[in-house]
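Here is work.txt, consisting of compact mmCIF, C-alpha atoms:
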# COMPACT_ATOMS: atom_id res chain seq x y z
CA MET B 119 180.91 267.28 139.30
CA SER B 120 181.29 264.98 142.26
CA ALA B 121 184.03 262.41 142.70
CA SER B 122 181.69 259.83 141.22
CA GLY B 123 181.38 261.94 138.09
CA GLY B 124 177.66 262.50 138.63
CA HIS B 125 175.60 265.54 139.37
CA THR B 126 176.47 267.40 142.56
CA ALA B 127 173.28 268.79 144.03
CA ARG B 128 173.48 272.32 145.42
CA ILE B 129 171.35 272.33 148.58
CA GLY B 130 170.65 275.73 150.12
CA VAL B 131 170.87 276.12 153.91
CA VAL B 132 169.08 279.26 155.03
CA VAL B 133 170.57 281.17 157.95
CA PHE B 134 168.46 283.54 159.98
CA PRO B 135 169.83 285.31 163.08
CA GLY B 136 169.24 282.93 166.00
CA ILE B 137 169.26 279.73 163.95
CA ASN B 138 171.56 277.20 165.65
CA THR B 139 171.47 273.97 163.66
CA ASP B 140 172.68 275.51 160.41
CA HIS B 141 176.11 273.87 160.69
CA ASP B 142 174.61 270.51 161.69
CA THR B 143 172.43 270.71 158.59
CA ALA B 144 175.28 271.71 156.27
CA ARG B 145 177.43 268.91 157.68
CA ALA B 146 174.60 266.41 157.18
CA ILE B 147 174.38 267.45 153.52
CA SER B 148 178.17 267.12 153.20
CA THR B 149 178.01 263.47 154.25
CA PHE B 150 176.46 262.70 150.86
CA ALA B 151 179.02 262.36 148.06
CA ASP B 152 176.73 263.93 145.48
CA ALA B 153 175.62 267.00 147.44
CA GLU B 154 177.07 270.25 148.65
CA PRO B 155 175.57 272.78 151.06
CA VAL B 156 175.19 276.37 149.86
CA TRP B 157 174.78 279.07 152.49
CA LEU B 158 171.87 281.43 152.02
CA TRP B 159 171.73 284.48 154.29
CA HIS B 160 168.40 285.91 155.41
CA LYS B 161 169.17 289.19 153.65
CA ASP B 162 169.86 287.46 150.32
CA THR B 163 167.27 287.80 147.61
CA ASP B 164 169.10 285.53 145.16
CA LEU B 165 169.08 281.78 145.80
CA ARG B 166 172.50 281.19 144.15
CA GLY B 167 171.23 278.48 141.85
CA VAL B 168 170.32 276.00 144.58
CA GLU B 169 168.25 272.98 143.58
CA ALA B 170 166.59 272.42 146.95
CA ILE B 171 166.43 274.33 150.21
CA VAL B 172 166.62 273.29 153.85
CA ILE B 173 165.52 275.76 156.53
CA PRO B 174 167.27 274.60 159.71
CA GLY B 175 166.14 274.73 163.30
CA GLY B 176 166.94 277.12 166.10
CA PHE B 177 165.45 280.29 167.45
CA SER B 178 165.18 282.73 164.57
CA TYR B 179 164.86 286.29 165.90
CA GLY B 180 164.77 284.89 169.43
CA ASP B 181 161.35 283.32 168.87
CA TYR B 182 159.98 286.81 169.53
CA LEU B 183 156.22 287.28 169.11
CA ARG B 184 155.71 283.71 167.80
CA CYS B 185 158.23 281.14 166.57
CA GLY B 186 158.99 281.98 162.95
CA ALA B 187 156.77 285.08 162.85
CA ILE B 188 159.60 287.57 162.27
CA ALA B 189 161.71 285.34 160.00
CA ARG B 190 158.75 285.07 157.70
CA PHE B 191 159.29 288.71 156.66
CA SER B 192 163.03 288.40 155.99
CA PRO B 193 164.16 289.51 152.52
CA ILE B 194 164.95 285.92 151.47
CA MET B 195 161.40 284.71 152.12
CA GLY B 196 160.09 286.34 148.93
CA ALA B 197 162.59 284.34 146.87
CA ILE B 198 161.74 281.20 148.84
CA ALA B 199 158.01 281.68 148.17
CA ASP B 200 158.79 282.07 144.44
CA PHE B 201 160.99 278.95 144.56
CA ALA B 202 158.13 277.02 146.19
CA ALA B 203 155.60 278.31 143.65
CA ALA B 204 157.89 277.09 140.85
CA GLY B 205 157.93 273.59 142.35
CA GLY B 206 161.29 273.80 144.16
CA LEU B 207 161.84 271.41 147.07
CA ILE B 208 161.91 272.94 150.54
CA MET B 209 162.35 271.11 153.84
CA GLY B 210 161.85 273.01 157.10
CA ILE B 211 163.22 271.40 160.26
CA CYS B 212 161.83 272.46 163.66
CA ASN B 213 162.03 276.27 163.60
CA GLY B 214 162.18 275.90 159.81
CA PHE B 215 158.83 274.11 159.98
CA GLN B 216 157.44 276.91 162.16
CA ILE B 217 158.70 279.52 159.66
CA LEU B 218 157.05 277.68 156.75
CA THR B 219 153.68 277.59 158.56
CA GLU B 220 153.95 281.29 159.43
CA ALA B 221 154.71 281.97 155.75
CA HIS B 222 151.59 279.97 154.78
CA LEU B 223 153.72 277.63 152.68
CA LEU B 224 152.48 274.80 154.92
CA PRO B 225 149.06 274.40 156.56
CA GLY B 226 148.50 274.72 160.30
CA ALA B 227 150.57 276.18 163.12
CA LEU B 228 152.77 275.03 166.01
CA ILE B 229 151.91 276.01 169.57
CA ARG B 230 153.39 275.38 173.04
CA ASN B 231 154.02 271.76 173.99
CA ILE B 232 151.18 270.36 176.02
CA GLY B 233 153.41 269.82 179.07
CA LEU B 234 154.72 273.43 178.86
CA LYS B 235 158.23 271.98 178.87
CA PHE B 236 161.02 272.01 176.33
CA VAL B 237 161.39 268.40 175.16
CA CYS B 238 164.76 266.98 174.16
CA ARG B 239 164.71 263.24 173.48
CA TYR B 240 164.54 260.53 170.88
CA VAL B 241 161.21 259.90 169.21
CA ASP B 242 159.99 257.20 166.89
CA LEU B 243 158.29 258.34 163.71
CA ARG B 244 156.10 256.31 161.43
CA VAL B 245 156.26 257.12 157.75
CA GLU B 246 152.62 257.58 156.77
CA ASN B 247 153.36 258.55 153.19
CA ALA B 248 156.48 257.18 151.51
CA GLY B 249 155.49 258.60 148.14
CA THR B 250 156.66 262.17 148.75
CA PRO B 251 159.91 263.65 147.38
CA PHE B 252 161.10 263.81 151.01
CA THR B 253 160.34 260.21 152.03
CA GLN B 254 160.57 258.24 148.79
CA THR B 255 163.55 256.17 149.96
CA ALA B 256 161.50 254.90 152.93
CA GLU B 257 158.79 252.25 152.90
CA PRO B 258 155.26 253.02 154.12
CA GLY B 259 155.09 252.19 157.83
CA ASP B 260 158.86 252.42 158.37
CA VAL B 261 159.73 253.57 161.88
CA LEU B 262 162.53 256.13 162.07
CA ARG B 263 164.28 257.11 165.30
CA VAL B 264 165.54 260.69 165.52
CA VAL B 265 165.64 263.44 168.15
CA VAL B 266 163.26 266.25 168.93
CA LYS B 267 164.34 269.39 170.80
CA HIS B 268 161.64 272.01 170.93
CA ASN B 269 159.21 273.99 173.06
CA GLU B 270 156.56 274.70 170.41
CA GLY B 271 155.99 271.49 168.47
CA ASN B 272 152.30 271.00 169.16
CA TYR B 273 150.83 270.89 165.66
CA ARG B 274 147.37 272.41 165.23
CA VAL B 275 145.14 272.75 162.21
CA ASP B 276 141.40 273.17 161.75
CA PRO B 277 139.34 269.95 161.34
CA GLU B 278 138.37 270.62 157.69
CA THR B 279 141.98 271.19 156.64
CA LEU B 280 143.10 268.11 158.60
CA ALA B 281 140.50 265.96 156.84
CA ALA B 282 141.71 267.21 153.46
CA MET B 283 145.35 266.68 154.44
CA ARG B 284 144.65 263.11 155.52
CA ALA B 285 142.75 262.36 152.33
CA ASN B 286 145.64 263.76 150.24
CA GLY B 287 148.38 261.99 152.19
CA GLN B 288 149.85 265.27 153.42
CA VAL B 289 150.28 263.88 156.95
CA VAL B 290 153.70 262.40 156.26
CA LEU B 291 155.08 261.55 159.72
CA ARG B 292 153.39 260.66 163.00
CA TYR B 293 154.87 259.92 166.41
CA CYS B 294 154.63 256.25 167.34
CA GLU B 295 156.03 253.52 169.57
CA PRO B 296 159.33 251.84 168.55
CA ASP B 297 157.32 248.98 167.00
CA GLY B 298 155.22 251.40 164.95
CA THR B 299 152.06 251.11 167.03
CA GLU B 300 150.30 254.13 168.49
CA ARG B 301 149.63 255.06 172.06
CA ASP B 302 148.03 258.25 173.28
CA ASP B 303 151.23 259.39 174.95
CA CYS B 304 153.80 258.73 172.23
CA SER B 305 153.66 262.34 171.07
CA PRO B 306 156.24 264.42 172.96
CA ASN B 307 154.26 267.63 172.55
CA GLY B 308 150.51 266.94 172.32
CA ALA B 309 150.38 267.44 168.56
CA LEU B 310 146.98 266.93 166.98
CA ASP B 311 146.71 263.36 165.67
CA GLY B 312 150.34 262.79 166.68
CA ILE B 313 151.49 264.75 163.64
CA ALA B 314 155.26 265.20 163.37
CA GLY B 315 155.64 266.20 159.72
CA VAL B 316 153.42 267.48 156.91
CA CYS B 317 153.59 268.39 153.23
CA ASN B 318 151.78 271.07 151.27
CA ALA B 319 149.15 270.00 148.73
CA ASP B 320 151.74 270.06 145.91
CA PHE B 321 154.21 267.90 147.90
CA ASN B 322 157.19 270.16 147.27
CA VAL B 323 157.25 271.78 150.72
CA PHE B 324 157.77 269.65 153.81
CA GLY B 325 158.09 270.53 157.49
CA LEU B 326 158.93 268.34 160.46
CA MET B 327 159.64 268.98 164.12
CA PRO B 328 162.27 266.23 164.61
CA HIS B 329 165.89 266.74 163.54
CA PRO B 330 167.02 264.30 160.83
CA GLU B 331 170.29 266.24 160.42
CA ASN B 332 171.46 264.84 163.77
CA SER B 333 171.03 261.23 162.65
CA VAL B 334 173.13 260.85 159.52
CA GLU B 335 176.57 259.55 160.48
CA PRO B 336 177.34 255.89 161.16
CA GLY B 337 179.27 255.38 164.37
CA LEU B 338 177.82 258.40 166.13
CA ALA B 339 175.16 258.11 168.81
CA GLY B 340 172.30 259.47 166.72
CA GLY B 341 172.05 256.57 164.30
CA THR B 342 171.42 257.09 160.60
CA ASP B 343 167.65 257.14 160.26
CA GLY B 344 167.72 260.81 159.29
CA ARG B 345 169.49 260.00 156.01
CA VAL B 346 166.17 258.96 154.46
CA PHE B 347 165.01 262.56 154.11
CA PHE B 348 168.22 263.89 152.61
CA GLN B 349 168.63 260.89 150.29
CA SER B 350 165.04 261.28 149.11
CA ILE B 351 165.61 264.96 148.33
CA LEU B 352 168.83 264.15 146.46
CA ASN B 353 167.11 261.47 144.39
CA GLU B 354 164.35 263.92 143.51
CA VAL B 355 166.85 266.66 142.62
CA ARG B 356 168.75 264.21 140.40
CA ASP B 357 165.51 263.21 138.65
CA MET B 358 164.53 266.86 138.20
CA ALA B 359 167.96 267.65 136.74
CA ALA B 360 167.73 264.68 134.37
CA ALA B 361 164.33 265.86 133.19
CA ARG B 362 165.63 269.33 132.29
CA MET D 78 147.15 307.49 168.39
CA HIS D 79 147.61 304.91 171.07
CA VAL D 80 146.65 301.35 170.20
CA ARG D 81 146.19 298.39 172.52
CA VAL D 82 146.07 294.97 170.86
CA TYR D 83 144.84 291.87 172.70
CA VAL D 84 145.80 288.50 171.25
CA THR D 85 144.24 285.33 172.66
CA PRO D 86 144.31 281.67 171.64
CA LYS D 87 141.43 281.02 169.27
CA HIS D 88 138.44 279.32 170.79
CA GLY D 89 138.56 275.63 170.05
CA ILE D 90 142.37 275.73 169.95
CA LEU D 91 144.04 274.06 172.90
CA ASP D 92 145.75 276.54 175.23
CA PRO D 93 148.26 274.60 177.35
CA GLN D 94 149.18 277.69 179.40
CA GLY D 95 145.54 278.51 180.09
CA VAL D 96 144.87 274.95 181.21
CA ALA D 97 147.88 275.01 183.56
CA VAL D 98 146.81 278.32 185.10
CA GLU D 99 143.22 277.14 185.48
CA ARG D 100 144.36 274.02 187.32
CA SER D 101 146.59 276.05 189.65
CA LEU D 102 143.93 278.45 190.87
CA PRO D 103 141.89 275.95 192.94
CA ALA D 104 145.11 274.97 194.74
CA LEU D 105 145.24 278.56 196.01
CA GLY D 106 141.64 278.45 197.14
CA PHE D 107 140.14 280.22 194.11
CA ASP D 108 137.30 277.93 193.17
CA GLY D 109 134.81 278.21 190.33
CA VAL D 110 137.24 279.65 187.77
CA SER D 111 136.89 278.41 184.20
CA GLY D 112 137.69 279.49 180.66
CA VAL D 113 141.24 280.71 181.40
CA ARG D 114 143.05 281.77 178.23
CA VAL D 115 146.60 283.13 178.29
CA GLY D 116 147.36 285.59 175.51
CA LYS D 117 149.40 288.67 174.71
CA PHE D 118 148.93 292.38 175.17
CA ILE D 119 150.68 294.62 172.66
CA GLU D 120 150.80 298.40 172.94
CA LEU D 121 151.79 300.69 170.12
CA GLN D 122 151.80 304.33 169.12
CA ILE D 123 151.01 305.41 165.57
CA ASP D 124 151.68 308.85 164.18
CA LEU D 125 149.23 309.49 161.37
CA ALA D 126 149.12 312.39 158.96
CA ASP D 127 146.59 315.02 160.00
CA GLY D 128 143.18 314.31 158.59
CA THR D 129 143.64 310.52 158.20
CA PRO D 130 140.13 309.09 158.54
CA ALA D 131 139.57 306.93 161.63
CA ASP D 132 138.31 303.97 159.63
CA GLN D 133 141.45 304.00 157.47
CA ALA D 134 143.57 303.91 160.61
CA ARG D 135 141.52 301.04 161.98
CA SER D 136 141.83 299.03 158.79
CA GLU D 137 145.60 299.56 158.85
CA ILE D 138 145.78 298.29 162.44
CA ASP D 139 143.61 295.35 161.50
CA GLU D 140 146.06 294.50 158.70
CA MET D 141 148.99 294.71 161.14
CA CYS D 142 147.18 292.24 163.39
CA ARG D 143 146.40 289.81 160.60
CA LYS D 144 149.85 289.92 159.02
CA LEU D 145 152.12 289.96 162.04
CA LEU D 146 150.80 290.63 165.53
CA ALA D 147 148.50 287.60 165.56
CA ASN D 148 148.42 284.32 163.64
CA PRO D 149 144.75 284.01 162.65
CA ILE D 150 145.11 280.22 162.33
CA ILE D 151 145.55 279.87 166.09
CA GLU D 152 144.77 283.29 167.58
CA ASP D 153 141.98 285.85 167.85
CA TYR D 154 142.66 289.53 168.30
CA THR D 155 140.88 292.70 169.27
CA PHE D 156 142.21 296.23 169.63
CA THR D 157 141.26 299.58 171.08
CA VAL D 158 142.32 303.00 169.85
CA ASP D 159 142.82 306.19 171.87
CA GLN D 160 143.34 309.52 170.15
CA ALA D 161 146.28 310.54 172.31
Please rewrite the model in this file as structure tokens.
Amino acid sequence: MSASGGHTARIGVVVFPGINTDHDTARAISTFADAEPVWLWHKDTDLRGVEAIVIPGGFSYGDYLRCGAIARFSPIMGAIADFAAAGGLIMGICNGFQILTEAHLLPGALIRNIGLKFVCRYVDLRVENAGTPFTQTAEPGDVLRVVVKHNEGNYRVDPETLAAMRANGQVVLRYCEPDGTERDDCSPNGALDGIAGVCNADFNVFGLMPHPENSVEPGLAGGTDGRVFFQSILNEVRDMAAAR
Amino acid sequence: MHVRVYVTPKHGILDPQGVAVERSLPALGFDGVSGVRVGKFIELQIDLADGTPADQARSEIDEMCRKLLANPIIEDYTFTVDQA
């Protein structure tokens, strides 16, 4: 029970060798009074009763072969696939997004940035779908400012799948200008259609290249726009717990 | 057996490295080059039980390619096999 006497959500943070924003992610979760981070190690096969999972960013297995390709075969990924199949909420950030595409839990793939350079800067993101469990505390069209830091964030998917994703509302976040308008060059990586974040068809798995965990604390330079994603997950977890 | 696997960006998928290389070549005086794709070359050795049929070996290598060595969403692959 949290200090407020309500439900304390247990949010799993998955650690693969080479992941480097695991502590940022756990700290971000800790800034919410009704949530606690639960460490999950890549060799675990038991999810320790978590109610949602965040796969943080970094360089799992050194990005060898392809980003996320080796992590996908870690022992914990079987349990994560089962968790997803049962409707559990999973958010993959950056390398976590890449891992989820490699595991076929999200459509598409992420390739080298179009400029062949690692990009590390603020981006503005437009919320295209505010009806998902990961964005439900935002309004459609909200512009969120968070950082990206990646070398392979160029989202690619075949045209038929993209058409279906658009029709379903699975394109959740797109890069935009600070005022929410689009220009050809507002994507930092050349992503198809300026896509920054997508959901699966069941809307319980979400991946995004930007790092919301670095924009959660008032008074720090990163702002607080990243709280939307964590707050949305916590609201969903609370509703799921109430429904049980 | 000795296996050589070639992984290339799928046709129709943007290849930022290939584009960069293609643009660099004319600067060095190599004109008329097009269709540059930058991929990966993976070599591996497989020890099979005596009498394993060749087509079974090939289907196993194909599975390796599909599951790990290449990502079929963005990459094509081919491989060659030497009985050495």
Determine which residues of chain D sit within 9 Å of chain B, taking into account only C-alpha atoms, and present them as a short mmCIF file (atom, residue, chain, number, x, y, z; two decimals) with C-alpha atoms, in the coordinates of the input.
data_model
loop_
_atom_site.label_atom_id
_atom_site.label_comp_id
_atom_site.auth_asym_id
_atom_site.auth_seq_id
_atom_site.Cartn_x
_atom_site.Cartn_y
_atom_site.Cartn_z
CA ILE D 90 142.37 275.73 169.95
CA LEU D 91 144.04 274.06 172.90
CA ASP D 92 145.75 276.54 175.23
CA PRO D 93 148.26 274.60 177.35
CA GLN D 94 149.18 277.69 179.40
CA ALA D 97 147.88 275.01 183.56
CA LYS D 117 149.40 288.67 174.71
CA LEU D 145 152.12 289.96 162.04
CA LEU D 146 150.80 290.63 165.53
CA ALA D 147 148.50 287.60 165.56
CA ASN D 148 148.42 284.32 163.64
CA ILE D 150 145.11 280.22 162.33
CA ILE D 151 145.55 279.87 166.09
#
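CA of Ala170 in chain B to CA of Val355 in chain B spans 7.2 Å [interatomic distance, one decimal].
The space between CA of Ala256 in chain B and CA of Leu352 in chain B spans 13.5 Å.
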Exercise. Work out how far apart CA of Thr149 in chain B and CA of Val261 in chain B are and give it in Å to one decimal.
Key: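 Taking CA of Thr149 in chain B as the start and CA of Val261 in chain B as the end point, the length is 22.1 Å.
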Practice problem: Counting all atoms listed in the file, find the residues whose atoms lie at most 10 Å from (141.2, 304.6, 165.3) (file coordinates) and write them out as an MDAnalysis selection string. | Solution: chainID D and resid 78:80 123 129:138 156:160
Quiz prompt | Pro149 in chain D environment, 10 Å, all atoms listed in the file, sequence neighbours closer than 5 positions dropped, as a list in words | solution =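 The filter keeps Ala227 of chain B; Val84, Pro86, Lys87, Cys142, Arg143, Lys144 and Tyr154 of chain D.
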Practice problem: For Cys304 in chain B, list every protein, DNA or RNA residue within 9 Å, evaluated using all atoms listed in the file, and leave out those in the same chain fewer than 3 positions away; present the list as number ranges by chain. | Solution: B: 241-242, 293-295, 300-301, 307-308, 312
Phe324 in chain B surroundings by only C-alpha atoms, 7 Å radius, close-in-sequence under 2 positions cut, as a short mmCIF file (atom, residue, chain, number, x, y, z; two decimals) with C-alpha atoms, in the coordinates of the input:
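Once written, result29.cif looks like this:
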data_model
loop_
_atom_site.label_atom_id
_atom_site.label_comp_id
_atom_site.auth_asym_id
_atom_site.auth_seq_id
_atom_site.Cartn_x
_atom_site.Cartn_y
_atom_site.Cartn_z
CA ILE B 208 161.91 272.94 150.54
CA MET B 209 162.35 271.11 153.84
CA GLY B 210 161.85 273.01 157.10
CA VAL B 316 153.42 267.48 156.91
CA CYS B 317 153.59 268.39 153.23
CA ASN B 318 151.78 271.07 151.27
CA ASN B 322 157.19 270.16 147.27
CA LEU B 326 158.93 268.34 160.46
#
Quiz prompt | Which of B:Leu158, B:Ala319, B:Val264, B:Ile173 sits closest to Val346 in chain B [using all atoms listed in the file] | solution =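 Comparing B:Leu158, B:Ala319, B:Val264, B:Ile173 against Val346 in chain B, the winner is B:Val264.
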When you look at Thr85 in chain D with a cut-off of 6 Å (counting all atoms listed in the file), what residues show up, excluding the ones that are within fewer than 2 positions of it in the same chain? I need them as a PDB file with C-alpha atoms, in the frame of the given file.
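Final output, selection.pdb:
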ATOM      1  CA  GLY D 116     147.360 285.590 175.510  1.00  0.00           C
ATOM      2  CA  GLU D 152     144.770 283.290 167.580  1.00  0.00           C
ATOM      3  CA  ASP D 153     141.980 285.850 167.850  1.00  0.00           C
TER       4      ASP D 153
END
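In terms of minimum interatomic distance to Gly89 in chain D, B:Pro277 ranks closest within B:Leu262, B:Gly206, B:Pro277, B:Ile211, counting all atoms listed in the file.
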Edge lengths and centre, in Å to one decimal, as AutoDock Vina command-line options: that's what I need for the box along x, y and z that holds all listed atoms of range 87-106 of chain D plus 8 Å on each side.
--center_x 143.8 --center_y 277.5 --center_z 183.2 --size_x 26.7 --size_y 23.0 --size_z 43.9
Self-check item: Residue nearest Lys267 in chain B among B:Gly186, B:Pro296, B:Gly344, B:Pro306 (counting all atoms listed in the file)
Solution: B:Pro306
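Minimum distance to His268 in chain B across B:Asn286, B:Leu218, B:Glu335, B:Cys185 (counting all atoms listed in the file) occurs at B:Cys185.
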Please fill the gaps in range 142-157 of chain B so it has N, CA, C and O atoms, and write that as a PDB file, in the coordinates of the input.
ATOM      1  N   ASP B 142     174.984 271.930 161.655  1.00  0.00           N
ATOM      2  CA  ASP B 142     174.610 270.510 161.690  1.00  0.00           C
ATOM      3  C   ASP B 142     174.004 270.116 160.337  1.00  0.00           C
ATOM      4  O   ASP B 142     174.292 269.054 159.782  1.00  0.00           O
ATOM      5  N   THR B 143     173.135 270.997 159.839  1.00  0.00           N
ATOM      6  CA  THR B 143     172.430 270.710 158.590  1.00  0.00           C
ATOM      7  C   THR B 143     173.401 270.675 157.409  1.00  0.00           C
ATOM      8  O   THR B 143     173.340 269.775 156.565  1.00  0.00           O
ATOM      9  N   ALA B 144     174.305 271.668 157.360  1.00  0.00           N
ATOM     10  CA  ALA B 144     175.280 271.710 156.270  1.00  0.00           C
ATOM     11  C   ALA B 144     176.187 270.476 156.329  1.00  0.00           C
ATOM     12  O   ALA B 144     176.516 269.871 155.303  1.00  0.00           O
ATOM     13  N   ARG B 145     176.578 270.096 157.546  1.00  0.00           N
ATOM     14  CA  ARG B 145     177.430 268.910 157.680  1.00  0.00           C
ATOM     15  C   ARG B 145     176.674 267.654 157.224  1.00  0.00           C
ATOM     16  O   ARG B 145     177.236 266.795 156.545  1.00  0.00           O
ATOM     17  N   ALA B 146     175.402 267.573 157.593  1.00  0.00           N
ATOM     18  CA  ALA B 146     174.600 266.410 157.180  1.00  0.00           C
ATOM     19  C   ALA B 146     174.582 266.313 155.656  1.00  0.00           C
ATOM     20  O   ALA B 146     174.762 265.229 155.091  1.00  0.00           O
ATOM     21  N   ILE B 147     174.401 267.443 154.995  1.00  0.00           N
ATOM     22  CA  ILE B 147     174.380 267.450 153.520  1.00  0.00           C
ATOM     23  C   ILE B 147     175.735 267.009 152.983  1.00  0.00           C
ATOM     24  O   ILE B 147     175.824 266.243 152.012  1.00  0.00           O
ATOM     25  N   SER B 148     176.816 267.453 153.658  1.00  0.00           N
ATOM     26  CA  SER B 148     178.170 267.120 153.200  1.00  0.00           C
ATOM     27  C   SER B 148     178.503 265.641 153.328  1.00  0.00           C
ATOM     28  O   SER B 148     179.480 265.176 152.739  1.00  0.00           O
ATOM     29  N   THR B 149     177.721 264.904 154.111  1.00  0.00           N
ATOM     30  CA  THR B 149     178.010 263.470 154.250  1.00  0.00           C
ATOM     31  C   THR B 149     177.555 262.683 153.015  1.00  0.00           C
ATOM     32  O   THR B 149     177.804 261.484 152.932  1.00  0.00           O
ATOM     33  N   PHE B 150     176.869 263.352 152.106  1.00  0.00           N
ATOM     34  CA  PHE B 150     176.460 262.700 150.860  1.00  0.00           C
ATOM     35  C   PHE B 150     177.441 263.110 149.756  1.00  0.00           C
ATOM     36  O   PHE B 150     177.714 264.301 149.567  1.00  0.00           O
ATOM     37  N   ALA B 151     177.966 262.107 149.055  1.00  0.00           N
ATOM     38  CA  ALA B 151     179.020 262.360 148.060  1.00  0.00           C
ATOM     39  C   ALA B 151     178.529 263.258 146.928  1.00  0.00           C
ATOM     40  O   ALA B 151     179.304 264.006 146.345  1.00  0.00           O
ATOM     41  N   ASP B 152     177.237 263.207 146.648  1.00  0.00           N
ATOM     42  CA  ASP B 152     176.730 263.930 145.480  1.00  0.00           C
ATOM     43  C   ASP B 152     175.950 265.182 145.864  1.00  0.00           C
ATOM     44  O   ASP B 152     175.029 265.591 145.174  1.00  0.00           O
ATOM     45  N   ALA B 153     176.322 265.776 147.014  1.00  0.00           N
ATOM     46  CA  ALA B 153     175.620 267.000 147.440  1.00  0.00           C
ATOM     47  C   ALA B 153     176.594 267.975 148.078  1.00  0.00           C
ATOM     48  O   ALA B 153     177.583 267.572 148.690  1.00  0.00           O
ATOM     49  N   GLU B 154     176.295 269.259 147.926  1.00  0.00           N
ATOM     50  CA  GLU B 154     177.070 270.250 148.650  1.00  0.00           C
ATOM     51  C   GLU B 154     176.134 271.306 149.214  1.00  0.00           C
ATOM     52  O   GLU B 154     175.163 271.710 148.565  1.00  0.00           O
ATOM     53  N   PRO B 155     176.405 271.744 150.467  1.00  0.00           N
ATOM     54  CA  PRO B 155     175.570 272.780 151.060  1.00  0.00           C
ATOM     55  C   PRO B 155     175.949 274.152 150.505  1.00  0.00           C
ATOM     56  O   PRO B 155     177.118 274.400 150.214  1.00  0.00           O
ATOM     57  N   VAL B 156     174.964 275.002 150.339  1.00  0.00           N
ATOM     58  CA  VAL B 156     175.190 276.370 149.860  1.00  0.00           C
ATOM     59  C   VAL B 156     174.542 277.306 150.871  1.00  0.00           C
ATOM     60  O   VAL B 156     173.332 277.218 151.116  1.00  0.00           O
ATOM     61  N   TRP B 157     175.342 278.171 151.476  1.00  0.00           N
ATOM     62  CA  TRP B 157     174.780 279.070 152.490  1.00  0.00           C
ATOM     63  C   TRP B 157     173.910 280.133 151.855  1.00  0.00           C
ATOM     64  O   TRP B 157     174.298 280.776 150.880  1.00  0.00           O
TER      65      TRP B 157
END
